Amino acid sequence: MHNAALEHCGIEARYGRIHIRLEELGEALRLLPEQNFIGVNLTIPHKPAALALMDKIDEHARRMGAINTVVVEDGKLIGFNTDGPGIVRAIRESFSVDLRDLRVLILGAGGGAGRAIAVQCALENCERLVLTNRTFAKAQSLADELAVWFASPRVAAPVKRLRAIPWESIASEIPHVDLIINATSVGMKRMDSSPVAGAHLAPHLLVYDTIYTAERTKLMLAADEAGARSANGLSMLLHQGALAFEIWFNREAPLEVMRSALVSRA
Ligand code: NAP
């Protein structure tokens with residue numbers, strides 16, 4: 001999608017993939033200015049590690065504890081996170097509702113993407129946020145960190161605005177949430193099953209799977225079974241990419257050109 005955007009805008013640059021091991025990240029980032037890079041995206045497992053390697057970090061990226069976009073400016077590296085803002089646009093596009101108006105349950109709130117989405121929900125002042133993670137302690141510590149954002153009740157409700165729950169308690173929270181976001185890596189492999197069984201879902205739910213490698217992920221099939229609406233992570237991928245383009249080039253991204261390129265590759 002980035003090469004299509006660069007071509008469309010007449011920018012003489014190319015976007016490519018480079019495989020960097022975790023122990024090589026510092027050296028690779030240091031080489032960017034002398035190799036005339038405009039910027040880079042970072043993916044698993046580099047997003048949290050990059051925080052310590054930037055010259056400057058955007059305030060929201062610091063809160064999210066992860067960097068997915070780096071811009072090289074006057075030889076310095078500046079880190080951003082476009083995954084958080086990307087999901088806001090993706091939810092709006094997929095379900096015609098705003099994240100801020102929803103009671104959200106995040107599966108995988110301990111991972112990089114889950115944390116970024118949870119912080120974004122706090123920044124948006126979401127109506128309610130429920131965090132769960134296979135390793136419960138990570139969800140609990142994130143909830144403790146975000147508690148200050150959810151201190152005042154937005155609407156009078158019988159349940160707490162912010163909660164961390166053990167994975168086994170997901171089913172009992174379903175009546176009190178509107179949107180489930182899967183930010184775990186469960187579903188990336190063909191043999192994976194759905195992170196939540198269809199029998200535990202309900203028709204009122206919106207289900208967003210951040211996984212974009214399948215058109216209909218296992219979680220989406222489980223949502224179908226329950227009569228719930230669902231979407232895969234392609235829209236988040238598109239919007240985080242468009243936001244990165246805007247950071248690199250300080251101009252509006254050609255969204256429809258990027259979308260067509262992405263869909264033709266999917
Ligand atoms: P990560 O930091 O490695 O986190 C992985 C998460 O998955 C952790 O919460 C982990 O729980 C959980 N997990 C792993 N195996 C599990 C299992 N068997 N059962 C339950 N939970 C399990 O990875 P990430 O960077 O956050 O990426 C997570 C997902 O987000 C990936 O699927 C990625 O494709 C997606 N993503 C999509 C976009 C997009 O643009 N659409 C952008 C970013 C990420 P523990 O803490 O217990 O290990």
# chains A, B, ... in the order shown; residues from 1 in each chain; ligands from 1
>>> residues_around(residues="Ser264 of chain A", least_positions_apart="3", cutoff="12 Å", atoms="only C-alpha atoms", output="compact mmCIF listing (two decimals) with all heavy atoms, in the first residue's frame")
# COMPACT_ATOMS: atom_id res chain seq x y z
N MET A 1 0.83 -1.21 0.00
CA MET A 1 0.00 0.00 0.00
C MET A 1 0.87 1.26 0.00
O MET A 1 0.49 2.28 -0.56
CB MET A 1 -0.97 0.01 1.19
CG MET A 1 -0.34 0.09 2.55
SD MET A 1 -1.61 0.24 3.85
CE MET A 1 -0.68 -0.31 5.26
N ALA A 4 2.23 1.94 -3.56
CA ALA A 4 1.16 2.50 -4.40
C ALA A 4 0.98 3.98 -4.06
O ALA A 4 0.81 4.82 -4.96
CB ALA A 4 -0.14 1.73 -4.16
N LEU A 234 -7.93 -5.68 8.57
CA LEU A 234 -7.41 -5.00 7.38
C LEU A 234 -7.61 -3.48 7.46
O LEU A 234 -6.74 -2.70 7.04
CB LEU A 234 -8.10 -5.57 6.14
CG LEU A 234 -7.27 -5.61 4.87
CD1 LEU A 234 -6.02 -6.45 5.04
CD2 LEU A 234 -8.09 -6.13 3.70
N VAL A 257 -6.19 4.83 -2.76
CA VAL A 257 -5.11 4.17 -3.52
C VAL A 257 -4.49 3.08 -2.64
O VAL A 257 -4.24 1.95 -3.08
CB VAL A 257 -4.04 5.21 -3.93
CG1 VAL A 257 -2.81 4.53 -4.51
CG2 VAL A 257 -4.62 6.20 -4.93
N MET A 258 -4.29 3.42 -1.37
CA MET A 258 -3.67 2.47 -0.43
C MET A 258 -4.62 1.30 -0.18
O MET A 258 -4.21 0.14 -0.13
CB MET A 258 -3.33 3.17 0.89
CG MET A 258 -2.26 4.24 0.70
SD MET A 258 -1.92 5.20 2.18
CE MET A 258 -0.68 4.21 2.99
N ARG A 259 -5.92 1.62 -0.06
CA ARG A 259 -6.90 0.55 0.18
C ARG A 259 -6.92 -0.44 -0.98
O ARG A 259 -6.90 -1.65 -0.80
CB ARG A 259 -8.30 1.16 0.37
CG ARG A 259 -9.35 0.13 0.86
CD ARG A 259 -10.76 0.67 0.71
NE ARG A 259 -10.97 1.95 1.37
CZ ARG A 259 -11.24 2.11 2.66
NH1 ARG A 259 -11.34 1.06 3.43
NH2 ARG A 259 -11.41 3.32 3.17
N SER A 260 -6.95 0.10 -2.22
CA SER A 260 -7.01 -0.79 -3.40
C SER A 260 -5.78 -1.68 -3.44
O SER A 260 -5.87 -2.88 -3.74
CB SER A 260 -7.03 0.01 -4.70
OG SER A 260 -8.08 0.89 -4.69
N ALA A 261 -4.61 -1.10 -3.13
CA ALA A 261 -3.36 -1.89 -3.17
C ALA A 261 -3.41 -3.01 -2.13
O ALA A 261 -3.02 -4.15 -2.38
CB ALA A 261 -2.17 -0.98 -2.92
>>> residues_near_ligand(ligand="ligand 1", cutoff="8 Å", atoms="only C-alpha atoms and all ligand atoms", output="PyMOL selection string")
chain A and resi 43-45+47+83+86-87+107-115+133-136+138+182-188+195+209-213+232-241
>>> residues_around(residues="segment 69-72 of chain A", least_positions_apart="6", cutoff="10 Å", atoms="only C-alpha atoms", output="JSON, numbers by chain")
{"A": [29, 32, 33, 36, 37, 38, 39, 40, 41, 42, 43, 47, 50, 54, 55, 56, 57, 61, 78, 79, 80, 81, 82, 83, 240, 241, 243, 244, 245, 247, 248, 249]}
>>> atom_distance(atom1="atom CA of Glu73 of chain A", atom2="atom CA of Gln120 of chain A")
25.7 Å
>>> atom_distance(atom1="atom CA of Arg229 of chain A", atom2="atom CA of His204 of chain A")
8.2 Å
>>> atom_distance(atom1="atom CA of Leu142 of chain A", atom2="atom CA of Pro85 of chain A")
18.6 Å
>>> residues_around(residues="Leu25 of chain A", least_positions_apart="2", cutoff="9 Å", atoms="only C-alpha atoms", output="mmCIF file with N, CA, C and O atoms, in the first residue's frame")
data_model
loop_
_atom_site.group_PDB
_atom_site.id
_atom_site.type_symbol
_atom_site.label_atom_id
_atom_site.label_comp_id
_atom_site.auth_asym_id
_atom_site.auth_seq_id
_atom_site.Cartn_x
_atom_site.Cartn_y
_atom_site.Cartn_z
ATOM 1 N N ILE A 20 15.088 -7.897 10.690
ATOM 2 C CA ILE A 20 16.082 -7.500 11.691
ATOM 3 C C ILE A 20 15.847 -8.326 12.949
ATOM 4 O O ILE A 20 14.709 -8.390 13.440
ATOM 5 N N ARG A 21 16.895 -8.935 13.483
ATOM 6 C CA ARG A 21 16.750 -9.667 14.752
ATOM 7 C C ARG A 21 16.728 -8.662 15.894
ATOM 8 O O ARG A 21 17.251 -7.546 15.756
ATOM 9 N N LEU A 22 16.150 -9.093 17.024
ATOM 10 C CA LEU A 22 15.989 -8.176 18.155
ATOM 11 C C LEU A 22 17.337 -7.574 18.574
ATOM 12 O O LEU A 22 17.435 -6.373 18.830
ATOM 13 N N GLU A 23 18.375 -8.403 18.573
ATOM 14 C CA GLU A 23 19.685 -7.910 19.011
ATOM 15 C C GLU A 23 20.323 -6.964 17.979
ATOM 16 O O GLU A 23 21.322 -6.305 18.271
ATOM 17 N N GLU A 27 21.464 -1.202 16.162
ATOM 18 C CA GLU A 27 22.397 -0.892 15.075
ATOM 19 C C GLU A 27 21.620 -0.529 13.800
ATOM 20 O O GLU A 27 21.963 0.431 13.102
ATOM 21 N N ALA A 28 20.554 -1.286 13.530
ATOM 22 C CA ALA A 28 19.758 -1.026 12.322
ATOM 23 C C ALA A 28 19.159 0.380 12.381
ATOM 24 O O ALA A 28 19.198 1.123 11.385
ATOM 25 N N LEU A 29 18.632 0.765 13.531
ATOM 26 C CA LEU A 29 18.024 2.094 13.652
ATOM 27 C C LEU A 29 19.083 3.184 13.517
ATOM 28 O O LEU A 29 18.837 4.217 12.882
ATOM 29 N N ARG A 30 20.258 2.946 14.083
ATOM 30 C CA ARG A 30 21.326 3.962 14.001
ATOM 31 C C ARG A 30 21.769 4.195 12.556
ATOM 32 O O ARG A 30 22.252 5.268 12.207
ATOM 33 N N HIS A 46 9.566 -5.765 17.703
ATOM 34 C CA HIS A 46 10.418 -4.579 17.899
ATOM 35 C C HIS A 46 9.725 -3.369 18.528
ATOM 36 O O HIS A 46 10.396 -2.419 18.918
ATOM 37 N N ALA A 49 10.700 -2.559 22.215
ATOM 38 C CA ALA A 49 12.156 -2.397 22.343
ATOM 39 C C ALA A 49 12.635 -1.065 21.760
ATOM 40 O O ALA A 49 13.625 -0.494 22.226
ATOM 41 N N ALA A 50 11.929 -0.549 20.750
ATOM 42 C CA ALA A 50 12.367 0.673 20.066
ATOM 43 C C ALA A 50 12.270 1.910 20.955
ATOM 44 O O ALA A 50 12.955 2.908 20.704
ATOM 45 N N LEU A 53 15.395 3.406 22.070
ATOM 46 C CA LEU A 53 16.374 3.674 21.019
ATOM 47 C C LEU A 53 16.078 4.949 20.219
ATOM 48 O O LEU A 53 16.757 5.246 19.240
#
>>> select_by_dssp(residues="segment 97-223 of chain A", states="helix (DSSP H, G or I)", output="JSON, numbers by chain")
{"A": [99, 100, 101, 112, 113, 114, 115, 116, 117, 118, 119, 120, 121, 122, 123, 136, 137, 138, 139, 140, 141, 142, 143, 144, 145, 146, 147, 148, 149, 150, 167, 168, 169, 170, 171, 172, 173, 174, 175, 176, 198, 199, 200, 218, 219, 220, 221, 222, 223]}
>>> closest_residue(among="A:Leu205, A:Leu31, A:Cys121, A:Leu146", to="Glu173 of chain A", atoms="only C-alpha atoms")
A:Leu205
>>> closest_atom_pairs(of="segment 79-106 of chain A", to="segment 149-170 of chain A", cutoff="12 Å", atoms="only C-alpha atoms", output="JSON lines")
{"residue": "A:Arg100", "atom": "CA", "partner": "A:Arg154", "partner_atom": "CA", "distance": 10.7}
{"residue": "A:Asp101", "atom": "CA", "partner": "A:Arg154", "partner_atom": "CA", "distance": 10.1}
{"residue": "A:Leu102", "atom": "CA", "partner": "A:Arg161", "partner_atom": "CA", "distance": 11.2}
{"residue": "A:Arg103", "atom": "CA", "partner": "A:Arg161", "partner_atom": "CA", "distance": 8.4}
{"residue": "A:Val104", "atom": "CA", "partner": "A:Leu162", "partner_atom": "CA", "distance": 9.7}
{"residue": "A:Leu105", "atom": "CA", "partner": "A:Ile170", "partner_atom": "CA", "distance": 8.7}
{"residue": "A:Ile106", "atom": "CA", "partner": "A:Ala164", "partner_atom": "CA", "distance": 9.7}
>>> write_last_selection(atoms="all heavy atoms", output="compact mmCIF listing (two decimals), in the first residue's frame")
# COMPACT_ATOMS: atom_id res chain seq x y z
N ARG A 100 -15.37 5.75 21.34
CA ARG A 100 -15.62 6.42 22.62
C ARG A 100 -17.02 6.12 23.18
O ARG A 100 -17.26 6.25 24.37
CB ARG A 100 -15.40 7.93 22.50
CG ARG A 100 -16.40 8.66 21.64
CD ARG A 100 -16.12 10.16 21.61
NE ARG A 100 -16.03 10.75 22.94
CZ ARG A 100 -17.08 11.13 23.67
NH1 ARG A 100 -18.31 10.96 23.21
NH2 ARG A 100 -16.89 11.68 24.85
N ASP A 101 -17.94 5.72 22.30
CA ASP A 101 -19.31 5.47 22.75
C ASP A 101 -19.55 4.01 23.13
O ASP A 101 -20.69 3.61 23.37
CB ASP A 101 -20.31 5.88 21.66
CG ASP A 101 -20.31 7.39 21.47
OD1 ASP A 101 -20.12 8.10 22.48
OD2 ASP A 101 -20.47 7.85 20.33
N LEU A 102 -18.49 3.22 23.15
CA LEU A 102 -18.68 1.78 23.34
C LEU A 102 -18.09 1.27 24.65
O LEU A 102 -17.16 1.86 25.20
CB LEU A 102 -18.04 1.02 22.17
CG LEU A 102 -18.61 1.33 20.79
CD1 LEU A 102 -17.77 0.68 19.70
CD2 LEU A 102 -20.06 0.87 20.68
N ARG A 103 -18.67 0.16 25.10
CA ARG A 103 -18.10 -0.58 26.24
C ARG A 103 -17.23 -1.67 25.59
O ARG A 103 -17.75 -2.52 24.86
CB ARG A 103 -19.22 -1.18 27.09
CG ARG A 103 -20.17 -0.12 27.67
CD ARG A 103 -21.40 -0.75 28.28
NE ARG A 103 -22.17 -1.49 27.28
CZ ARG A 103 -23.15 -2.35 27.56
NH1 ARG A 103 -23.50 -2.56 28.80
NH2 ARG A 103 -23.77 -2.99 26.59
N VAL A 104 -15.93 -1.59 25.83
CA VAL A 104 -14.97 -2.38 25.04
C VAL A 104 -14.31 -3.47 25.88
O VAL A 104 -13.87 -3.20 27.00
CB VAL A 104 -13.87 -1.45 24.47
CG1 VAL A 104 -12.92 -2.22 23.56
CG2 VAL A 104 -14.48 -0.26 23.74
N LEU A 105 -14.24 -4.67 25.33
CA LEU A 105 -13.47 -5.76 25.95
C LEU A 105 -12.27 -6.06 25.05
O LEU A 105 -12.44 -6.36 23.87
CB LEU A 105 -14.35 -7.01 26.08
CG LEU A 105 -13.64 -8.34 26.40
CD1 LEU A 105 -12.92 -8.32 27.74
CD2 LEU A 105 -14.65 -9.49 26.38
N ILE A 106 -11.06 -5.94 25.60
CA ILE A 106 -9.85 -6.24 24.82
C ILE A 106 -9.26 -7.59 25.24
O ILE A 106 -8.92 -7.79 26.41
CB ILE A 106 -8.78 -5.14 24.99
CG1 ILE A 106 -9.36 -3.78 24.55
CG2 ILE A 106 -7.52 -5.47 24.19
CD1 ILE A 106 -8.39 -2.61 24.76
>>> select_by_dssp(residues="segment 22-209 of chain A", states="strand (DSSP E or B)", output="PyMOL selection string")
chain A and resi 39-41+56-57+69-73+76-80+103-107+128-133+162-166+179-182+206-209
>>> residues_around(residues="Ala13 of chain A", least_positions_apart="4", cutoff="9 Å", atoms="only C-alpha atoms", output="PDB file with all heavy atoms, in the first residue's frame")
ATOM      1  N   ASN A   3       3.925   1.580  -1.393  1.00  0.00           N
ATOM      2  CA  ASN A   3       4.510   1.827  -2.709  1.00  0.00           C
ATOM      3  C   ASN A   3       3.477   2.406  -3.669  1.00  0.00           C
ATOM      4  O   ASN A   3       3.792   3.284  -4.474  1.00  0.00           O
ATOM      5  CB  ASN A   3       5.149   0.545  -3.256  1.00  0.00           C
ATOM      6  CG  ASN A   3       6.492   0.280  -2.585  1.00  0.00           C
ATOM      7  OD1 ASN A   3       7.208   1.221  -2.235  1.00  0.00           O
ATOM      8  ND2 ASN A   3       6.819  -0.986  -2.371  1.00  0.00           N
ATOM      9  N   LEU A   6       3.245   6.042  -2.723  1.00  0.00           N
ATOM     10  CA  LEU A   6       4.427   6.810  -3.143  1.00  0.00           C
ATOM     11  C   LEU A   6       4.354   7.106  -4.642  1.00  0.00           C
ATOM     12  O   LEU A   6       4.594   8.234  -5.082  1.00  0.00           O
ATOM     13  CB  LEU A   6       5.701   6.006  -2.824  1.00  0.00           C
ATOM     14  CG  LEU A   6       6.022   5.829  -1.339  1.00  0.00           C
ATOM     15  CD1 LEU A   6       7.129   4.795  -1.138  1.00  0.00           C
ATOM     16  CD2 LEU A   6       6.411   7.154  -0.700  1.00  0.00           C
ATOM     17  N   GLU A   7       3.972   6.071  -5.395  1.00  0.00           N
ATOM     18  CA  GLU A   7       3.872   6.235  -6.849  1.00  0.00           C
ATOM     19  C   GLU A   7       2.803   7.263  -7.188  1.00  0.00           C
ATOM     20  O   GLU A   7       3.016   8.176  -7.984  1.00  0.00           O
ATOM     21  CB  GLU A   7       3.470   4.887  -7.455  1.00  0.00           C
ATOM     22  CG  GLU A   7       4.406   4.427  -8.547  1.00  0.00           C
ATOM     23  CD  GLU A   7       4.223   2.948  -8.792  1.00  0.00           C
ATOM     24  OE1 GLU A   7       3.252   2.608  -9.486  1.00  0.00           O
ATOM     25  OE2 GLU A   7       5.030   2.150  -8.256  1.00  0.00           O
ATOM     26  N   ILE A  38      13.726   7.817   5.062  1.00  0.00           N
ATOM     27  CA  ILE A  38      12.761   8.840   5.502  1.00  0.00           C
ATOM     28  C   ILE A  38      12.153   8.382   6.820  1.00  0.00           C
ATOM     29  O   ILE A  38      11.886   9.170   7.722  1.00  0.00           O
ATOM     30  CB  ILE A  38      11.675   9.030   4.411  1.00  0.00           C
ATOM     31  CG1 ILE A  38      12.307   9.663   3.171  1.00  0.00           C
ATOM     32  CG2 ILE A  38      10.491   9.853   4.939  1.00  0.00           C
ATOM     33  CD1 ILE A  38      11.493   9.530   1.911  1.00  0.00           C
TER      34      ILE A  38
END
>>> closest_residue(among="A:Leu129, A:Ser193, A:Ala214, A:Glu225", to="Ile180 of chain A", atoms="only C-alpha atoms")
A:Leu129
